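> Quick one: structure below, then a few questions.
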Amino acid sequence: MLSRVYLWDLVGHDTSEGSLCSGLGDDLAAIMRNVEPLLVKRVGFAVRIVEAEPRLSVLHLGAIHVPTGREWLGRRDIHGGAYWEASCRPVDPSVAYRLAASKDPGAVAG
């Protein structure tokens with residue numbers, strides 16, 4: 001069984017700031033504990049953590065990270081702490097297009 005890794009990204013308060021810092025780890029709880037102080041101190045606006053599996057690319061024979069569909073979004077709450085929302089997204093692009101089309105009848109699906 002392949003080990004899971006977690007890619008995280010701290011984004012700024014403004015879109016022009018982009019990504020403030022990012023990283024990779026194998027312990028979800030440790031990543032959450034380490035980035036929460038950045039949210040509480042208002043260093044960044046939100047943290048996105050994506051679960052992925054390491055794979056070997058057939059194009060260039062290098063390591064890549066393939067998302068599993070599980071992700072977490074962390075934000076600062078009104079009580080001075082941080083809260084996390086877990087979500088599951090489809091990883092197959094054709095499924096994602098069908099879901100978007102079913103929510104908006106005017107959307108163009110491929």
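We label chains A, B, ... in the order they appear in the structure tokens, count residues from 1 in each chain, and number ligands from 1 in the order shown.
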Near Gly81 (chain A), within 12 Å and counting only C-alpha atoms, which residues show up once chain neighbours fewer than 6 positions away are dropped, as an MDAnalysis selection string?

chainID A and resid 33 35:42 74:75

> Could you tell me which of A:His65, A:Ile49, A:Met32, A:Val91 comes closest to Tyr6 (chain A) if we count only C-alpha atoms?

A:Ile49

> Can you list, as a PyMOL selection string, all residues belonging to region 1-96 of chain A that DSSP tags as strand (DSSP E or B)?

chain A and resi 5-11+19-25+46-56+63-76+82-88

> Pick the closest to Tyr83 (chain A) from A:Val11, A:Val5, A:Val47, A:Leu28: which is it, counting only C-alpha atoms?

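With only C-alpha atoms as the atom set, the closest residue is A:Val47.
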
> Name the closest residue to Asp14 (chain A) among the candidates A:Arg89, A:Phe45, A:Val58, A:Pro67; distances are taken between atoms, counting only C-alpha atoms.

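The shortest atom-to-atom distance to Asp14 (chain A) comes from A:Phe45.
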
> Using only C-alpha atoms, determine which residues lie at most 12 Å from Arg4 (chain A), disregarding the query and same-chain residues fewer than 5 positions distant; provide the list as a PDB file with N, CA and C atoms, in the first residue's frame.


```
ATOM      1  N   LEU A  24       4.839  19.880   2.492  1.00  0.00           N
ATOM      2  CA  LEU A  24       4.470  18.497   2.245  1.00  0.00           C
ATOM      3  C   LEU A  24       4.786  17.714   3.509  1.00  0.00           C
ATOM      4  N   GLY A  25       3.873  16.855   3.921  1.00  0.00           N
ATOM      5  CA  GLY A  25       4.113  16.048   5.114  1.00  0.00           C
ATOM      6  C   GLY A  25       3.304  14.770   5.068  1.00  0.00           C
ATOM      7  N   ASP A  26       3.578  13.879   6.019  1.00  0.00           N
ATOM      8  CA  ASP A  26       2.865  12.607   6.045  1.00  0.00           C
ATOM      9  C   ASP A  26       1.958  12.462   7.260  1.00  0.00           C
ATOM     10  N   ASP A  27       1.867  13.503   8.101  1.00  0.00           N
ATOM     11  CA  ASP A  27       1.046  13.458   9.307  1.00  0.00           C
ATOM     12  C   ASP A  27       0.053  14.621   9.274  1.00  0.00           C
ATOM     13  N   LEU A  28      -1.206  14.319   8.978  1.00  0.00           N
ATOM     14  CA  LEU A  28      -2.227  15.355   8.843  1.00  0.00           C
ATOM     15  C   LEU A  28      -2.400  16.154  10.127  1.00  0.00           C
ATOM     16  N   VAL A  50      -4.389  19.060   0.905  1.00  0.00           N
ATOM     17  CA  VAL A  50      -4.876  18.069  -0.059  1.00  0.00           C
ATOM     18  C   VAL A  50      -4.151  16.753   0.194  1.00  0.00           C
ATOM     19  N   GLU A  51      -4.937  15.675   0.328  1.00  0.00           N
ATOM     20  CA  GLU A  51      -4.351  14.345   0.481  1.00  0.00           C
ATOM     21  C   GLU A  51      -3.976  13.822  -0.902  1.00  0.00           C
ATOM     22  N   ALA A  52      -2.779  13.262  -1.008  1.00  0.00           N
ATOM     23  CA  ALA A  52      -2.311  12.746  -2.296  1.00  0.00           C
ATOM     24  C   ALA A  52      -1.520  11.464  -2.085  1.00  0.00           C
ATOM     25  N   GLU A  53      -1.349  10.751  -3.175  1.00  0.00           N
ATOM     26  CA  GLU A  53      -0.529   9.536  -3.165  1.00  0.00           C
ATOM     27  C   GLU A  53       0.652   9.750  -4.109  1.00  0.00           C
ATOM     28  N   PRO A  54       1.861   9.416  -3.656  1.00  0.00           N
ATOM     29  CA  PRO A  54       3.004   9.547  -4.557  1.00  0.00           C
ATOM     30  C   PRO A  54       2.958   8.478  -5.649  1.00  0.00           C
ATOM     31  N   ARG A  55       3.210   8.881  -6.861  1.00  0.00           N
ATOM     32  CA  ARG A  55       3.220   7.965  -8.004  1.00  0.00           C
ATOM     33  C   ARG A  55       4.402   8.292  -8.895  1.00  0.00           C
ATOM     34  N   HIS A  65       2.497  13.751  -7.342  1.00  0.00           N
ATOM     35  CA  HIS A  65       1.523  13.530  -6.280  1.00  0.00           C
ATOM     36  C   HIS A  65       0.127  13.590  -6.890  1.00  0.00           C
ATOM     37  N   VAL A  66      -0.607  12.481  -6.790  1.00  0.00           N
ATOM     38  CA  VAL A  66      -1.943  12.367  -7.372  1.00  0.00           C
ATOM     39  C   VAL A  66      -2.967  12.562  -6.255  1.00  0.00           C
ATOM     40  N   PRO A  67      -3.840  13.564  -6.363  1.00  0.00           N
ATOM     41  CA  PRO A  67      -4.851  13.798  -5.321  1.00  0.00           C
ATOM     42  C   PRO A  67      -5.798  12.611  -5.172  1.00  0.00           C
ATOM     43  N   THR A  68      -6.190  12.332  -3.926  1.00  0.00           N
ATOM     44  CA  THR A  68      -7.156  11.272  -3.645  1.00  0.00           C
ATOM     45  C   THR A  68      -8.584  11.806  -3.645  1.00  0.00           C
ATOM     46  N   GLY A  69      -8.744  13.116  -3.590  1.00  0.00           N
ATOM     47  CA  GLY A  69     -10.067  13.718  -3.524  1.00  0.00           C
ATOM     48  C   GLY A  69     -10.414  14.253  -2.152  1.00  0.00           C
ATOM     49  N   ARG A  70      -9.667  13.861  -1.126  1.00  0.00           N
ATOM     50  CA  ARG A  70      -9.919  14.364   0.236  1.00  0.00           C
ATOM     51  C   ARG A  70      -9.113  15.637   0.455  1.00  0.00           C
TER      52      ARG A  70
END
```

> Any idea what the distance is between CA of Cys88 (chain A) and CA of Trp72 (chain A)?

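Interatomic distance here is 8.7 Å.
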
> Kindly give the distance, in Å, that separates CA of Leu56 (chain A) and CA of Ala86 (chain A), rounded to a single decimal.

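Interatomic distance here is 27.2 Å.
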
> Please extract the residues of chain A with a backbone DSSP assignment of helix (DSSP H, G or I) and present them as a PyMOL selection string.

chain A and resi 28-40+93-103
